[in-house]
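**Student:** File input-v3.cif below, mmCIF, C-alpha atoms and all ligand atoms:
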```cif
data_structure
#
loop_
_atom_site.label_atom_id
_atom_site.label_comp_id
_atom_site.auth_asym_id
_atom_site.auth_seq_id
_atom_site.Cartn_x
_atom_site.Cartn_y
_atom_site.Cartn_z
CA MET K 1163 -6.61 9.47 -16.47
CA GLY K 1164 -8.84 6.42 -16.76
CA GLU K 1165 -8.18 3.16 -14.98
CA TRP K 1166 -6.32 0.32 -16.70
CA VAL K 1167 -6.66 -3.36 -15.97
CA TYR K 1168 -4.65 -6.41 -17.01
CA LEU K 1169 -6.58 -9.27 -18.59
CA ASN K 1170 -4.94 -12.38 -20.06
CA GLY K 1171 -1.71 -10.72 -21.13
CA THR K 1172 -3.20 -7.42 -22.29
CA PHE K 1173 -3.59 -4.00 -20.65
CA LEU K 1174 -7.05 -2.58 -21.30
CA PRO K 1175 -9.05 0.46 -20.25
CA TYR K 1176 -11.29 -0.63 -17.36
CA ASP K 1177 -14.53 -0.33 -19.37
CA GLU K 1178 -13.20 -2.41 -22.25
CA ALA K 1179 -12.21 -5.46 -20.21
CA CYS K 1180 -14.78 -8.24 -20.75
CA LEU K 1181 -15.22 -11.74 -19.36
CA SER K 1182 -17.40 -14.64 -20.42
CA VAL K 1183 -20.72 -14.98 -18.57
CA GLU K 1184 -19.63 -18.59 -18.03
CA ASP K 1185 -16.24 -17.85 -16.54
CA ARG K 1186 -15.81 -20.51 -13.86
CA GLY K 1187 -14.75 -17.84 -11.41
CA PHE K 1188 -18.21 -16.32 -11.76
CA LEU K 1189 -20.19 -19.58 -11.82
CA PHE K 1190 -18.28 -21.74 -9.34
CA ALA K 1191 -15.86 -19.39 -7.53
CA ASP K 1192 -13.35 -21.71 -9.22
CA GLY K 1193 -10.27 -19.58 -8.75
CA ILE K 1194 -7.65 -18.09 -6.48
CA TYR K 1195 -6.27 -14.62 -5.78
CA GLU K 1196 -3.59 -12.47 -4.18
CA VAL K 1197 -3.49 -8.91 -2.86
CA ILE K 1198 -0.01 -7.40 -3.10
CA ALA K 1199 1.10 -4.12 -1.51
CA PHE K 1200 3.12 -1.62 -3.55
CA GLN K 1201 4.96 1.30 -1.93
CA ARG K 1202 6.05 3.94 -4.41
CA GLY K 1203 6.10 1.42 -7.23
CA TRP K 1204 7.85 -1.35 -5.27
CA ALA K 1205 6.12 -4.58 -4.40
CA PHE K 1206 6.37 -5.71 -0.77
CA ARG K 1207 7.38 -9.38 -0.44
CA MET K 1208 6.41 -10.22 -4.02
CA ALA K 1209 8.28 -13.54 -3.84
CA ASP K 1210 6.12 -14.62 -0.89
CA HIS K 1211 2.92 -13.67 -2.72
CA LEU K 1212 3.95 -15.57 -5.85
CA GLU K 1213 4.88 -18.59 -3.78
CA ARG K 1214 1.47 -18.52 -2.06
CA LEU K 1215 -0.24 -18.09 -5.46
CA GLU K 1216 1.57 -21.16 -6.73
CA ARG K 1217 0.54 -23.17 -3.66
CA SER K 1218 -3.10 -22.04 -3.99
CA ALA K 1219 -3.08 -22.94 -7.71
CA ALA K 1220 -1.60 -26.37 -7.01
CA ALA K 1221 -4.20 -27.00 -4.27
CA ILE K 1222 -7.09 -26.45 -6.70
CA ARG K 1223 -5.23 -28.21 -9.55
CA LEU K 1224 -5.12 -25.07 -11.66
CA PRO K 1225 -2.06 -24.80 -13.91
CA LEU K 1226 -0.98 -21.14 -13.95
CA PRO K 1227 -1.21 -20.03 -17.57
CA ARG K 1228 1.79 -17.70 -17.41
CA PRO K 1229 5.21 -17.81 -15.79
CA LEU K 1230 5.37 -16.12 -12.40
CA GLU K 1231 7.97 -13.66 -13.73
CA ASP K 1232 5.46 -12.45 -16.33
CA LEU K 1233 2.82 -11.91 -13.66
CA GLU K 1234 5.32 -10.03 -11.52
CA ALA K 1235 6.34 -7.77 -14.42
CA ALA K 1236 2.71 -7.19 -15.41
CA ALA K 1237 1.77 -6.21 -11.84
CA SER K 1238 4.52 -3.55 -11.76
CA ALA K 1239 3.58 -2.35 -15.24
CA LEU K 1240 -0.05 -2.05 -14.18
CA ILE K 1241 0.92 0.12 -11.19
CA ALA K 1242 2.85 2.39 -13.59
CA ARG K 1243 0.05 2.53 -16.15
CA ASN K 1244 -2.38 3.63 -13.47
CA GLY K 1245 -0.04 6.39 -12.29
CA LEU K 1246 0.39 4.79 -8.84
CA GLU K 1247 4.21 4.76 -8.66
CA ALA K 1248 4.27 7.50 -6.05
CA ASP K 1249 1.54 6.00 -3.90
CA GLU K 1250 0.64 3.27 -1.49
CA ALA K 1251 -1.30 0.89 -3.71
CA ILE K 1252 -2.29 -2.74 -4.13
CA VAL K 1253 -2.51 -5.11 -7.04
CA TYR K 1254 -5.42 -7.55 -6.90
CA LEU K 1255 -4.52 -10.64 -8.93
CA GLN K 1256 -7.09 -13.32 -9.68
CA VAL K 1257 -6.76 -16.53 -11.69
CA THR K 1258 -9.82 -18.62 -12.52
CA ARG K 1259 -10.30 -21.88 -14.43
CA GLY K 1260 -11.67 -19.69 -17.21
CA PRO K 1261 -14.67 -19.84 -19.54
CA ALA K 1262 -16.35 -23.15 -20.35
CA ARG K 1263 -19.89 -24.50 -20.68
CA ARG K 1264 -21.29 -24.94 -17.17
CA GLU K 1265 -20.26 -28.38 -15.97
CA HIS K 1266 -18.85 -29.13 -12.53
CA ALA K 1267 -15.94 -31.24 -13.77
CA PHE K 1268 -12.88 -29.43 -15.14
CA PRO K 1269 -13.14 -28.43 -18.80
CA PRO K 1270 -11.02 -30.74 -20.99
CA ARG K 1271 -8.84 -27.85 -22.17
CA PRO K 1272 -9.07 -25.07 -19.59
CA GLU K 1273 -8.08 -21.57 -20.61
CA PRO K 1274 -7.53 -19.85 -17.26
CA THR K 1275 -8.48 -16.21 -16.87
CA VAL K 1276 -5.88 -13.90 -15.34
CA LEU K 1277 -7.13 -10.54 -14.11
CA MET K 1278 -5.27 -7.79 -12.30
CA LEU K 1279 -6.55 -4.52 -10.87
CA ALA K 1280 -4.37 -1.80 -9.33
CA ARG K 1281 -5.81 0.46 -6.67
CA ARG K 1282 -4.65 3.23 -4.38
CA VAL K 1283 -4.92 2.13 -0.74
CA GLN K 1284 -7.63 4.12 1.01
CA PRO K 1285 -6.01 5.15 4.29
CA LEU K 1286 -7.75 3.80 7.35
CA ASP K 1287 -9.51 6.32 9.55
CA ARG K 1288 -6.76 7.92 11.72
CA ALA K 1289 -8.82 7.45 14.89
CA LYS K 1290 -9.10 3.69 14.27
CA ARG K 1291 -5.34 3.36 13.89
CA GLU K 1292 -4.62 5.50 16.95
CA GLN K 1293 -7.31 4.20 19.27
CA GLY K 1294 -7.72 0.66 17.95
CA VAL K 1295 -10.81 -1.08 16.62
CA ALA K 1296 -13.64 -3.27 17.87
CA VAL K 1297 -14.16 -6.88 16.78
CA ILE K 1298 -16.95 -9.38 17.29
CA THR K 1299 -16.61 -13.16 17.41
CA VAL K 1300 -18.56 -15.32 14.94
CA PRO K 1301 -18.66 -19.05 14.15
CA ASP K 1302 -16.07 -20.04 11.54
CA THR K 1303 -18.34 -21.48 8.84
CA ARG K 1304 -15.62 -21.62 6.18
CA TRP K 1305 -14.46 -24.79 4.43
CA HIS K 1306 -11.54 -26.93 5.62
CA TRP K 1307 -8.95 -25.41 3.27
CA CYS K 1308 -8.59 -21.91 4.68
CA HIS K 1309 -4.88 -21.96 3.75
CA VAL K 1310 -5.88 -21.74 0.07
CA LYS K 1311 -6.46 -18.14 -1.02
CA ALA K 1312 -9.61 -19.09 -2.91
CA ILE K 1313 -12.06 -16.54 -4.32
CA GLY K 1314 -15.07 -18.23 -2.68
CA LEU K 1315 -15.41 -15.80 0.22
CA LEU K 1316 -19.09 -15.92 1.15
CA PRO K 1317 -18.54 -16.78 4.84
CA ASN K 1318 -15.94 -13.99 5.03
CA VAL K 1319 -18.29 -11.51 3.33
CA LEU K 1320 -21.18 -12.37 5.68
CA ALA K 1321 -18.93 -12.18 8.75
CA LYS K 1322 -17.49 -8.80 7.76
CA GLN K 1323 -20.97 -7.40 7.09
CA GLN K 1324 -22.17 -8.69 10.46
CA ALA K 1325 -19.23 -6.96 12.13
CA LEU K 1326 -19.96 -3.63 10.43
CA GLU K 1327 -23.64 -3.87 11.32
CA ALA K 1328 -22.63 -4.49 14.95
CA GLY K 1329 -20.52 -1.32 14.88
CA ALA K 1330 -17.26 -3.32 14.82
CA HIS K 1331 -14.40 -3.29 12.32
CA GLU K 1332 -13.82 -7.02 11.94
CA ALA K 1333 -15.26 -10.41 12.74
CA VAL K 1334 -13.02 -12.99 14.42
CA PHE K 1335 -13.78 -16.57 13.50
CA VAL K 1336 -14.12 -19.26 16.17
CA ARG K 1337 -13.96 -22.93 15.16
CA ASP K 1338 -14.59 -25.69 17.74
CA GLY K 1339 -14.04 -23.17 20.52
CA ARG K 1340 -10.72 -22.01 19.11
CA VAL K 1341 -9.93 -18.62 17.63
CA THR K 1342 -8.64 -18.89 14.06
CA GLU K 1343 -8.36 -15.50 12.32
CA ALA K 1344 -10.51 -12.59 11.13
CA SER K 1345 -12.64 -12.35 7.97
CA ALA K 1346 -9.81 -10.65 6.04
CA ALA K 1347 -6.86 -10.57 8.45
CA ASN K 1348 -4.80 -12.71 10.77
CA LEU K 1349 -5.07 -12.26 14.53
CA PHE K 1350 -2.41 -12.00 17.24
CA ALA K 1351 -2.92 -11.90 21.02
CA VAL K 1352 -0.60 -11.18 23.94
CA PHE K 1353 -0.91 -13.35 27.06
CA ASN K 1354 1.59 -12.76 29.90
CA GLY K 1355 4.00 -10.99 27.58
CA VAL K 1356 3.96 -13.82 25.02
CA LEU K 1357 2.67 -13.23 21.50
CA TRP K 1358 0.25 -15.93 20.35
CA THR K 1359 -1.19 -16.64 16.91
CA HIS K 1360 -2.90 -19.62 15.31
CA PRO K 1361 -0.43 -21.98 13.58
CA ALA K 1362 -0.25 -21.77 9.78
CA ASP K 1363 -2.28 -24.91 9.12
CA GLN K 1364 -5.45 -25.59 7.10
CA TRP K 1365 -7.60 -23.42 9.39
CA ILE K 1366 -6.10 -20.03 8.53
CA LEU K 1367 -4.70 -18.17 5.57
CA PRO K 1368 -0.92 -17.95 6.01
CA GLY K 1369 -0.76 -14.16 5.72
CA ILE K 1370 2.34 -12.55 4.31
CA THR K 1371 1.99 -9.79 6.92
CA ARG K 1372 1.67 -12.48 9.61
CA LYS K 1373 4.93 -14.01 8.41
CA VAL K 1374 6.73 -10.64 8.46
CA VAL K 1375 5.35 -9.81 11.93
CA LEU K 1376 6.70 -13.15 13.22
CA GLU K 1377 10.13 -12.29 11.76
CA LEU K 1378 9.98 -8.86 13.40
CA ALA K 1379 8.91 -10.34 16.74
CA ALA K 1380 11.98 -12.60 16.63
CA ARG K 1381 14.18 -9.60 15.82
CA LEU K 1382 12.66 -7.61 18.71
CA GLU K 1383 13.00 -10.63 21.02
CA VAL K 1384 9.28 -10.85 21.69
CA PRO K 1385 8.53 -14.47 22.69
CA VAL K 1386 6.10 -16.15 20.28
CA ARG K 1387 3.83 -19.19 20.37
CA GLU K 1388 2.21 -20.33 17.14
CA GLU K 1389 -0.57 -22.17 18.91
CA ALA K 1390 -4.36 -21.99 18.86
CA PHE K 1391 -6.13 -20.49 21.87
CA SER K 1392 -9.72 -20.73 23.03
CA VAL K 1393 -12.33 -18.02 22.76
CA GLU K 1394 -12.49 -17.96 26.60
CA HIS K 1395 -8.75 -17.36 26.70
CA LEU K 1396 -9.22 -14.47 24.25
CA ALA K 1397 -10.98 -12.55 27.03
CA GLU K 1398 -7.74 -12.68 29.04
CA ALA K 1399 -5.53 -11.18 26.33
CA THR K 1400 -3.75 -8.00 27.39
CA GLU K 1401 -3.23 -6.98 23.76
CA LEU K 1402 -4.80 -7.94 20.48
CA PHE K 1403 -4.11 -6.96 16.89
CA LEU K 1404 -4.98 -7.81 13.30
CA THR K 1405 -2.53 -8.09 10.41
CA GLY K 1406 -3.04 -7.82 6.68
CA THR K 1407 -1.61 -6.35 3.50
CA THR K 1408 -3.50 -3.06 3.63
CA ILE K 1409 -4.28 -2.76 7.36
CA ARG K 1410 -0.69 -3.72 8.35
CA VAL K 1411 -0.77 -4.03 12.20
CA LEU K 1412 -4.12 -2.79 13.48
CA PRO K 1413 -4.75 -2.74 17.27
CA VAL K 1414 -7.97 -4.29 18.58
CA VAL K 1415 -9.33 -2.78 21.80
CA THR K 1416 -12.68 -4.49 22.31
CA VAL K 1417 -14.01 -8.00 21.69
CA ASP K 1418 -17.81 -8.39 21.70
CA GLY K 1419 -17.99 -5.05 23.53
CA ARG K 1420 -15.53 -5.98 26.31
CA PRO K 1421 -12.22 -4.11 26.60
CA VAL K 1422 -8.94 -5.87 25.80
CA GLY K 1423 -6.42 -5.24 28.61
CA SER K 1424 -6.38 -1.51 29.39
CA GLY K 1425 -8.76 -0.85 26.49
CA ARG K 1426 -5.93 0.90 24.63
CA PRO K 1427 -3.40 -0.39 22.07
CA GLY K 1428 -0.61 -2.15 23.98
CA PRO K 1429 3.18 -1.73 23.89
CA ILE K 1430 4.01 -4.94 21.99
CA THR K 1431 1.39 -4.05 19.37
CA ARG K 1432 2.89 -0.58 18.96
CA ARG K 1433 6.46 -1.88 18.64
CA LEU K 1434 5.44 -4.38 15.97
CA GLU K 1435 3.32 -1.81 14.17
CA GLU K 1436 6.27 0.59 14.06
CA ALA K 1437 8.68 -2.17 12.97
CA LEU K 1438 6.32 -3.30 10.19
CA ASN K 1439 5.85 0.25 8.93
CA GLN K 1440 9.63 0.64 8.74
CA GLU K 1441 9.99 -2.70 6.98
CA MET K 1442 7.35 -1.77 4.42
CA GLU K 1443 8.82 1.68 3.70
CA ARG K 1444 12.26 0.14 3.19
CA ARG K 1445 13.19 -0.83 -0.38
N1 LIG K 1501 -7.03 -10.60 2.78
N2 LIG K 1501 -6.64 -14.00 6.51
C1 LIG K 1501 -7.60 -13.81 5.58
C2 LIG K 1501 -8.84 -14.64 5.65
C3 LIG K 1501 -7.42 -12.84 4.58
O1 LIG K 1501 -8.36 -12.66 3.64
C4 LIG K 1501 -6.22 -12.06 4.57
C5 LIG K 1501 -5.95 -11.04 3.52
C6 LIG K 1501 -5.27 -12.29 5.57
C7 LIG K 1501 -3.98 -11.53 5.63
O2 LIG K 1501 -3.10 -11.94 4.61
P1 LIG K 1501 -1.94 -10.99 4.05
O3 LIG K 1501 -1.13 -10.54 5.21
O4 LIG K 1501 -1.17 -11.84 3.12
O5 LIG K 1501 -2.66 -9.84 3.38
C8 LIG K 1501 -5.51 -13.28 6.51
C9 LIG K 1501 -6.83 -9.79 1.62
C10 LIG K 1501 -6.07 -8.54 1.86
C11 LIG K 1501 -8.17 -9.58 0.92
O6 LIG K 1501 -8.90 -10.57 0.84
O7 LIG K 1501 -8.46 -8.48 0.45
#
```
Transcribe the structure of this file into structure tokens.
Ligand code: PDD
**Tutor:**
Amino acid sequence: MGEWVYLNGTFLPYDEACLSVEDRGFLFADGIYEVIAFQRGWAFRMADHLERLERSAAAIRLPLPRPLEDLEAAASALIARNGLEADEAIVYLQVTRGPARREHAFPPRPEPTVLMLARRVQPLDRAKREQGVAVITVPDTRWHWCHVKAIGLLPNVLAKQQALEAGAHEAVFVRDGRVTEASAANLFAVFNGVLWTHPADQWILPGITRKVVLELAARLEVPVREEAFSVEHLAEATELFLTGTTIRVLPVVTVDGRPVGSGRPGPITRRLEEALNQEMERR
């Protein structure tokens, strides 16, 4: 069965979906996106994703061209059309300011482009999940609005590539000496039994998985501090993990080649990983 995509209210075979060469998403990265997890046809925390989409749209002054309920229904329909109802899948949803003659200022009558793709989640290498992954630290060269899920991801792309070329799984951004997050994931650290993560301000993307992990930590009575920590402090973490829609909770066992704690995934990480998996499998 061929792949179907959603474009501006219509479901189309992948090869028949066309965009203008002057779509502002293409020319200016003038757009926003979401990545939503589906388990056996059910969206995980759809309301949170739609809320974040609305906030991102408002931040870039982009009126969403369709009601959120329509987007929600279309995302589920796209999963079904692609035969992914029995799988672990994601919907990638992107909204741009649409096609217009190239001019920096907004077009007088924007016609936003809405695109959705549905994909099966490629399971992460078992060894990585069991043994944990390596990360490197890199300067955070992103803009000052990291809370907006904008499609302009060049610093993230370059950081991720640098990590892979260094034999690591992710790059952790450091801004003004403080650890923010990873190129495509949030970061948590354990210091003296307390779980730390950067506050949800303009310097990180407020991840939906991050939010759920904080809820689970409260439920499991793990003490939490939403506070930034320095890159020097990072070396003293006894546990470290990444969170994101497809990676869920992923243990980190080395930073710039140095082991984190015992060099193995820690107990708080494992409890939260297990709790998140249960939460995501639950309808
Ligand atoms: N990335 N921080 C950044 C910079 C991200 O790009 C992501 C997700 C996250 C985690 O957010 P969430 O828990 O809502 O997935 C944090 C997505 C998956 C991507 O760009 O593909």
**Student:** Between K:Ala1248, K:Ile1194, K:Ala1437, K:Leu1189, which residue has the minimum interatomic distance to ligand LIG 1501 (chain K), considering all atoms listed in the file?
**Tutor:**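 Of K:Ala1248, K:Ile1194, K:Ala1437, K:Leu1189, the one nearest ligand LIG 1501 (chain K), counting all atoms listed in the file, is K:Ile1194.
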**Student:** Got a sec to check which residues lie within 6 Å of ligand LIG 1501 (chain K), using all atoms listed in the file, and send them as a ChimeraX atom specification?
**Tutor:** /K:1197,1345-1348,1367,1369-1372,1405-1407
**Student:** Please return as a CSV table (one decimal) with C-alpha atoms, in the frame of the given file every residue within 12 Å of (12.4, -9.0, 19.6), taking into account all atoms listed in the file and the file's own coordinates.
**Tutor:**
```
chain,number,residue,atom,x,y,z
K,1355,GLY,CA,4.0,-11.0,27.6
K,1356,VAL,CA,4.0,-13.8,25.0
K,1357,LEU,CA,2.7,-13.2,21.5
K,1375,VAL,CA,5.4,-9.8,11.9
K,1376,LEU,CA,6.7,-13.2,13.2
K,1377,GLU,CA,10.1,-12.3,11.8
K,1378,LEU,CA,10.0,-8.9,13.4
K,1379,ALA,CA,8.9,-10.3,16.7
K,1380,ALA,CA,12.0,-12.6,16.6
K,1381,ARG,CA,14.2,-9.6,15.8
K,1382,LEU,CA,12.7,-7.6,18.7
K,1383,GLU,CA,13.0,-10.6,21.0
K,1384,VAL,CA,9.3,-10.8,21.7
K,1385,PRO,CA,8.5,-14.5,22.7
K,1386,VAL,CA,6.1,-16.2,20.3
K,1430,ILE,CA,4.0,-4.9,22.0
K,1433,ARG,CA,6.5,-1.9,18.6
K,1434,LEU,CA,5.4,-4.4,16.0
K,1437,ALA,CA,8.7,-2.2,13.0
```
**Student:** To one decimal place, how far is atom CA of Leu1402 of chain K from atom CA of Arg1387 of chain K in Å?
**Tutor:** 14.2 Å
**Student:** Excluding segment 1209-1213 of chain K and any residue of its chain fewer than 5 positions from it, enumerate the residues within 12 Å of it, using only C-alpha atoms, and give them as number ranges by chain.
**Tutor:** K: 1194-1199, 1218-1220, 1226, 1228-1235, 1237, 1253-1256, 1310-1311, 1368-1374, 1407
**Student:** Out of K:Pro1361, K:Pro1301, K:Gly1314, K:Gly1428, which residue has the shortest atom-to-atom distance to Val1393 of chain K when counting all atoms listed in the file?
**Tutor:**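 Using all atoms listed in the file, the shortest distance to Val1393 of chain K belongs to K:Pro1301.
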**Student:** When distances are computed from only C-alpha atoms, which of K:Thr1416, K:Thr1342, K:Thr1258, K:Gln1284 shows the smallest separation from Arg1304 of chain K?
**Tutor:** K:Thr1342
**Student:** How many Å lie between atom CA of Arg1186 of chain K and atom CA of Glu1332 of chain K, rounded to one decimal?
**Tutor:**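 Computing it gives 29.2 Å between the two atoms.
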**Student:** For Pro1175 of chain K, please output as a ChimeraX atom specification all residues within 8 Å (counting only C-alpha atoms; exclusion window: fewer than 5 positions along the same chain).
**Tutor:** /K:1164-1167
**Student:** Would you pick out the contacts of segment 1267-1276 of chain K at 6 Å or less, using only C-alpha atoms, so that residues sharing its chain but fewer than 2 positions from it are not included, and give the list as number ranges by chain?
**Tutor:** K: 1169-1170, 1256-1260, 1265
